Structures are given as C-alpha cells and as structure tokens.
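Peer 1: Sharing a structure, written as structure tokens. Questions coming.
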Amino acid sequence: MARANRKRQAKRFSYFFLNNKIHKVLSYSRAKDEIVAWCYPDKKRVLYSYSQVVKNMENAYSTKQVAQLLNKHKITIEDYILEGKIKYPQKVYPIGNTESSWYKFMYSESDIMDIHQFILESGYSKNMPSKTELRALLKHNTILYTKTTEGNFVPVWKAD
C-alpha cells in the first residue's frame, strides 16, 4: 500500500528550450545530475546539469499543441508563419540526418505569447483564452470558473 502511494510519474520531457535554443533529451541521470541533449541550432551534443535545466528551461510545444492552447486550427498557425505574420519558430529535424527535408516546428512559451498577442491585435480573437488564462494553461495551473447571473462563465483567480 505504501509503495503504491510513493510511486509518482516523473515529469517526462523530450524537447525543451534553454537559452532560447531548442534541445532534445538524449539521456539523463538525476543521480549524476546530468542531462545529455542535442542542441538543434548548434547541431551538436551538449552536457548540462539536470537540476539547472529543470530550473531554467522553457517547455517546447508542437504546432498541434499551440493550436489547441489558442483554440485555432493547426493550418491557421502554419499559414501565419508562411505569410510572415508571426516569427518563424525553431525547427526539429532527424538528428542522424541534419540536411533532411523533414522538420517539425517547436514553440517556446514566449513564442506562444507572441502569437497570442498577434491574434488579439489582428482581431481574430473569437474563443481565445485571455493572457492570464493562457499563462495558467502553459504552467498547468487550474483555472476555476464561476457562473454569473446572466449564465456566462468568468474565470476566478486565486491570489499568488
């Protein structure tokens, strides 16, 4: 019984941003306090302190995850990139073949906030979360809502 209570899922992450560069975890050891990762912009393997990475990293999100967070379609986000309306995100490619034509866009939390700001300024803000709601979604905080007398739901925030 006690063993079942102690077993918790460790936070698994395979992609992360550190110093505004996208990395992929190749291996890590919490006991040795080290993490070996591939740095995509520098195209090389790097060794970091595990505790420092967990402390200073930003989460990485795929286009599909960004679209879900912003209540937009994946193709809409890709169109914004191709039309030059938002900043080009960093690419992830197969490590064994750096010149491959296959790639995947990865977004940092600051990239998502920039996209959110663009959408709000452009007027396409139907069903968009507010900045505070988006920050809560990115940090995996719980968002509580209360129902008004008119039947609308409004977010209720706990003071930090």
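Ligands are numbered from 1 in the order shown, residues from 1 within each chain, and chains are lettered A, B, ... in the order they appear in the structure tokens.
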Based on the backbone DSSP call, show me all residues of stretch 4-139 of chain A assigned alpha helix (DSSP H), as a VMD selection string.

Peer 2: chain A and resid 4 to 6 50 to 56 63 to 70 74 to 82 109 to 122 131 to 138

Peer 1: Could the residues in this selection be written to a file with C-alpha atoms, as a PDB file, in the first residue's frame?

Peer 2:
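Written out: selection_31.pdb:
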```pdb
ATOM      1  CA  ALA A   4       1.729   2.451  -4.449  1.00  0.00           C
ATOM      2  CA  ASN A   5       1.389   5.851  -2.779  1.00  0.00           C
ATOM      3  CA  ARG A   6       5.059   6.671  -3.289  1.00  0.00           C
ATOM      4  CA  TYR A  50      19.937  18.225 -14.762  1.00  0.00           C
ATOM      5  CA  SER A  51      18.911  20.469 -11.877  1.00  0.00           C
ATOM      6  CA  GLN A  52      19.859  23.624 -13.802  1.00  0.00           C
ATOM      7  CA  VAL A  53      17.932  22.501 -16.882  1.00  0.00           C
ATOM      8  CA  VAL A  54      14.783  21.775 -14.850  1.00  0.00           C
ATOM      9  CA  LYS A  55      15.154  25.141 -13.106  1.00  0.00           C
ATOM     10  CA  ASN A  56      15.807  27.306 -16.203  1.00  0.00           C
ATOM     11  CA  THR A  63       2.126  23.246 -33.701  1.00  0.00           C
ATOM     12  CA  LYS A  64      -0.768  20.960 -32.780  1.00  0.00           C
ATOM     13  CA  GLN A  65      -0.378  21.750 -29.064  1.00  0.00           C
ATOM     14  CA  VAL A  66      -0.165  25.500 -29.770  1.00  0.00           C
ATOM     15  CA  ALA A  67      -3.320  25.315 -31.877  1.00  0.00           C
ATOM     16  CA  GLN A  68      -5.170  23.559 -29.034  1.00  0.00           C
ATOM     17  CA  LEU A  69      -3.991  26.143 -26.483  1.00  0.00           C
ATOM     18  CA  LEU A  70      -5.105  29.052 -28.683  1.00  0.00           C
ATOM     19  CA  LYS A  74      -3.092  23.850 -36.885  1.00  0.00           C
ATOM     20  CA  ILE A  75      -3.217  25.034 -40.505  1.00  0.00           C
ATOM     21  CA  THR A  76      -4.144  28.556 -39.378  1.00  0.00           C
ATOM     22  CA  ILE A  77      -0.978  28.736 -37.243  1.00  0.00           C
ATOM     23  CA  GLU A  78       1.122  27.388 -40.153  1.00  0.00           C
ATOM     24  CA  ASP A  79      -0.452  29.963 -42.517  1.00  0.00           C
ATOM     25  CA  TYR A  80       0.549  32.776 -40.133  1.00  0.00           C
ATOM     26  CA  ILE A  81       4.144  31.512 -40.324  1.00  0.00           C
ATOM     27  CA  LEU A  82       4.223  31.128 -44.123  1.00  0.00           C
ATOM     28  CA  GLU A 109       6.270  29.696 -24.143  1.00  0.00           C
ATOM     29  CA  SER A 110       7.381  33.189 -25.201  1.00  0.00           C
ATOM     30  CA  ASP A 111       6.656  32.300 -28.866  1.00  0.00           C
ATOM     31  CA  ILE A 112       3.132  31.268 -27.888  1.00  0.00           C
ATOM     32  CA  MET A 113       2.582  34.532 -26.015  1.00  0.00           C
ATOM     33  CA  ASP A 114       3.767  36.459 -29.123  1.00  0.00           C
ATOM     34  CA  ILE A 115       1.349  34.516 -31.360  1.00  0.00           C
ATOM     35  CA  HIS A 116      -1.445  35.179 -28.868  1.00  0.00           C
ATOM     36  CA  GLN A 117      -0.651  38.910 -28.947  1.00  0.00           C
ATOM     37  CA  PHE A 118      -0.675  38.937 -32.777  1.00  0.00           C
ATOM     38  CA  ILE A 119      -4.065  37.196 -32.912  1.00  0.00           C
ATOM     39  CA  LEU A 120      -5.552  39.627 -30.385  1.00  0.00           C
ATOM     40  CA  GLU A 121      -4.212  42.659 -32.308  1.00  0.00           C
ATOM     41  CA  SER A 122      -5.404  41.326 -35.669  1.00  0.00           C
ATOM     42  CA  LYS A 131      -3.444  36.275 -21.383  1.00  0.00           C
ATOM     43  CA  THR A 132      -3.930  35.179 -17.798  1.00  0.00           C
ATOM     44  CA  GLU A 133      -5.764  32.024 -18.855  1.00  0.00           C
ATOM     45  CA  LEU A 134      -3.045  31.226 -21.401  1.00  0.00           C
ATOM     46  CA  ARG A 135      -0.296  31.660 -18.789  1.00  0.00           C
ATOM     47  CA  ALA A 136      -2.222  29.328 -16.478  1.00  0.00           C
ATOM     48  CA  LEU A 137      -2.574  26.751 -19.266  1.00  0.00           C
ATOM     49  CA  LEU A 138       1.165  26.929 -20.004  1.00  0.00           C
TER      50      LEU A 138
END
```

Peer 1: Given the choices A:Met106, A:Leu144, A:Ile35, A:Ile86, which gets closest to A:Ala60 if the distance is worked out from only C-alpha atoms?

Peer 2: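 When distances to A:Ala60 are compared using only C-alpha atoms, the smallest one comes from A:Met106.
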
Peer 1: Any idea what's packed within 8 Å of A:Tyr15, counting only C-alpha atoms, ignoring anything in its chain fewer than 5 positions away? Could you give it as a ChimeraX atom specification?

Peer 2: /A:22-25,59-60

Peer 1: Could you state the separation of atom CA of A:Pro129 and atom CA of A:Val154 in Å, given to one decimal place?

Peer 2: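 Here the two named atoms are 11.2 Å from each other.
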
Peer 1: Excluding A:Ser101 and any residue of its chain fewer than 5 positions from it, enumerate the residues within 12 Å of it, using only C-alpha atoms, and give them as a VMD selection string.

Peer 2: chain A and resid 91 to 94

Peer 1: Per DSSP on the backbone, filter stretch 10-101 of chain A down to the residues in strand (DSSP E) and report them as an MDAnalysis selection string.

Peer 2: chainID A and resid 15:18 21:29 34:39 44:48 58:59 61:62 90:92

Peer 1: With N, CA and C atoms retained, export the selected residues as a PDB file, in the first residue's frame.

Peer 2:
```
ATOM      1  N   TYR A  15      11.629  17.461 -25.397  1.00  0.00           N
ATOM      2  CA  TYR A  15      12.123  18.689 -26.010  1.00  0.00           C
ATOM      3  C   TYR A  15      12.000  19.822 -25.006  1.00  0.00           C
ATOM      4  N   PHE A  16      12.978  20.716 -25.006  1.00  0.00           N
ATOM      5  CA  PHE A  16      12.921  21.868 -24.123  1.00  0.00           C
ATOM      6  C   PHE A  16      13.736  23.008 -24.721  1.00  0.00           C
ATOM      7  N   PHE A  17      13.455  24.218 -24.267  1.00  0.00           N
ATOM      8  CA  PHE A  17      14.207  25.394 -24.672  1.00  0.00           C
ATOM      9  C   PHE A  17      15.112  25.814 -23.516  1.00  0.00           C
ATOM     10  N   LEU A  18      16.369  26.078 -23.834  1.00  0.00           N
ATOM     11  CA  LEU A  18      17.326  26.601 -22.869  1.00  0.00           C
ATOM     12  C   LEU A  18      18.154  27.647 -23.593  1.00  0.00           C
ATOM     13  N   LYS A  21      17.259  28.240 -27.259  1.00  0.00           N
ATOM     14  CA  LYS A  21      17.629  27.226 -28.242  1.00  0.00           C
ATOM     15  C   LYS A  21      16.865  25.944 -27.924  1.00  0.00           C
ATOM     16  N   ILE A  22      16.379  25.293 -28.973  1.00  0.00           N
ATOM     17  CA  ILE A  22      15.637  24.045 -28.804  1.00  0.00           C
ATOM     18  C   ILE A  22      16.616  22.890 -28.607  1.00  0.00           C
ATOM     19  N   HIS A  23      16.294  22.018 -27.658  1.00  0.00           N
ATOM     20  CA  HIS A  23      17.119  20.850 -27.349  1.00  0.00           C
ATOM     21  C   HIS A  23      16.235  19.617 -27.295  1.00  0.00           C
ATOM     22  N   LYS A  24      16.843  18.465 -27.570  1.00  0.00           N
ATOM     23  CA  LYS A  24      16.161  17.182 -27.409  1.00  0.00           C
ATOM     24  C   LYS A  24      16.961  16.360 -26.405  1.00  0.00           C
ATOM     25  N   VAL A  25      16.265  15.783 -25.434  1.00  0.00           N
ATOM     26  CA  VAL A  25      16.920  14.959 -24.426  1.00  0.00           C
ATOM     27  C   VAL A  25      17.350  13.643 -25.063  1.00  0.00           C
ATOM     28  N   LEU A  26      18.631  13.333 -24.957  1.00  0.00           N
ATOM     29  CA  LEU A  26      19.137  12.045 -25.432  1.00  0.00           C
ATOM     30  C   LEU A  26      19.205  11.053 -24.277  1.00  0.00           C
ATOM     31  N   SER A  27      19.713  11.513 -23.127  1.00  0.00           N
ATOM     32  CA  SER A  27      19.734  10.695 -21.919  1.00  0.00           C
ATOM     33  C   SER A  27      19.892  11.613 -20.716  1.00  0.00           C
ATOM     34  N   TYR A  28      19.463  11.115 -19.569  1.00  0.00           N
ATOM     35  CA  TYR A  28      19.648  11.896 -18.355  1.00  0.00           C
ATOM     36  C   TYR A  28      19.768  10.976 -17.152  1.00  0.00           C
ATOM     37  N   SER A  29      20.411  11.498 -16.120  1.00  0.00           N
ATOM     38  CA  SER A  29      20.541  10.785 -14.861  1.00  0.00           C
ATOM     39  C   SER A  29      20.362  11.789 -13.739  1.00  0.00           C
ATOM     40  N   GLU A  34      23.014  14.995 -14.410  1.00  0.00           N
ATOM     41  CA  GLU A  34      23.460  15.359 -15.749  1.00  0.00           C
ATOM     42  C   GLU A  34      22.398  15.008 -16.775  1.00  0.00           C
ATOM     43  N   ILE A  35      22.404  15.778 -17.830  1.00  0.00           N
ATOM     44  CA  ILE A  35      21.490  15.540 -18.938  1.00  0.00           C
ATOM     45  C   ILE A  35      22.276  15.746 -20.233  1.00  0.00           C
ATOM     46  N   VAL A  36      22.172  14.779 -21.115  1.00  0.00           N
ATOM     47  CA  VAL A  36      22.816  14.873 -22.421  1.00  0.00           C
ATOM     48  C   VAL A  36      21.713  15.201 -23.424  1.00  0.00           C
ATOM     49  N   ALA A  37      21.906  16.283 -24.164  1.00  0.00           N
ATOM     50  CA  ALA A  37      20.878  16.741 -25.089  1.00  0.00           C
ATOM     51  C   ALA A  37      21.504  17.132 -26.421  1.00  0.00           C
ATOM     52  N   TRP A  38      20.664  17.139 -27.450  1.00  0.00           N
ATOM     53  CA  TRP A  38      21.082  17.598 -28.774  1.00  0.00           C
ATOM     54  C   TRP A  38      20.599  19.033 -28.933  1.00  0.00           C
ATOM     55  N   CYS A  39      21.532  19.933 -29.222  1.00  0.00           N
ATOM     56  CA  CYS A  39      21.195  21.334 -29.451  1.00  0.00           C
ATOM     57  C   CYS A  39      20.998  21.516 -30.957  1.00  0.00           C
ATOM     58  N   LYS A  44      24.958  20.021 -32.307  1.00  0.00           N
ATOM     59  CA  LYS A  44      25.925  19.236 -31.543  1.00  0.00           C
ATOM     60  C   LYS A  44      25.312  18.742 -30.239  1.00  0.00           C
ATOM     61  N   ARG A  45      25.967  17.732 -29.670  1.00  0.00           N
ATOM     62  CA  ARG A  45      25.563  17.178 -28.382  1.00  0.00           C
ATOM     63  C   ARG A  45      26.121  18.037 -27.267  1.00  0.00           C
ATOM     64  N   VAL A  46      25.332  18.248 -26.240  1.00  0.00           N
ATOM     65  CA  VAL A  46      25.782  19.066 -25.112  1.00  0.00           C
ATOM     66  C   VAL A  46      25.433  18.358 -23.800  1.00  0.00           C
ATOM     67  N   LEU A  47      26.209  18.679 -22.760  1.00  0.00           N
ATOM     68  CA  LEU A  47      26.009  18.122 -21.435  1.00  0.00           C
ATOM     69  C   LEU A  47      25.642  19.257 -20.489  1.00  0.00           C
ATOM     70  N   TYR A  48      24.540  19.100 -19.765  1.00  0.00           N
ATOM     71  CA  TYR A  48      24.087  20.110 -18.813  1.00  0.00           C
ATOM     72  C   TYR A  48      23.865  19.470 -17.454  1.00  0.00           C
ATOM     73  N   GLU A  58      12.422  26.233 -20.620  1.00  0.00           N
ATOM     74  CA  GLU A  58      11.058  26.541 -21.043  1.00  0.00           C
ATOM     75  C   GLU A  58      10.550  25.303 -21.765  1.00  0.00           C
ATOM     76  N   ASN A  59       9.293  25.005 -21.595  1.00  0.00           N
ATOM     77  CA  ASN A  59       8.711  23.858 -22.287  1.00  0.00           C
ATOM     78  C   ASN A  59       8.644  24.128 -23.784  1.00  0.00           C
ATOM     79  N   TYR A  61       6.573  23.225 -27.361  1.00  0.00           N
ATOM     80  CA  TYR A  61       5.244  22.814 -27.811  1.00  0.00           C
ATOM     81  C   TYR A  61       5.234  22.650 -29.322  1.00  0.00           C
ATOM     82  N   SER A  62       4.524  21.618 -29.799  1.00  0.00           N
ATOM     83  CA  SER A  62       4.369  21.407 -31.237  1.00  0.00           C
ATOM     84  C   SER A  62       3.280  22.332 -31.769  1.00  0.00           C
ATOM     85  N   GLN A  90      11.507  27.642 -34.205  1.00  0.00           N
ATOM     86  CA  GLN A  90      12.669  26.780 -34.414  1.00  0.00           C
ATOM     87  C   GLN A  90      12.218  25.419 -34.930  1.00  0.00           C
ATOM     88  N   LYS A  91      13.082  24.807 -35.741  1.00  0.00           N
ATOM     89  CA  LYS A  91      12.762  23.520 -36.354  1.00  0.00           C
ATOM     90  C   LYS A  91      13.468  22.379 -35.637  1.00  0.00           C
ATOM     91  N   VAL A  92      12.807  21.234 -35.623  1.00  0.00           N
ATOM     92  CA  VAL A  92      13.376  19.994 -35.137  1.00  0.00           C
ATOM     93  C   VAL A  92      13.507  19.079 -36.352  1.00  0.00           C
TER      94      VAL A  92
END
```
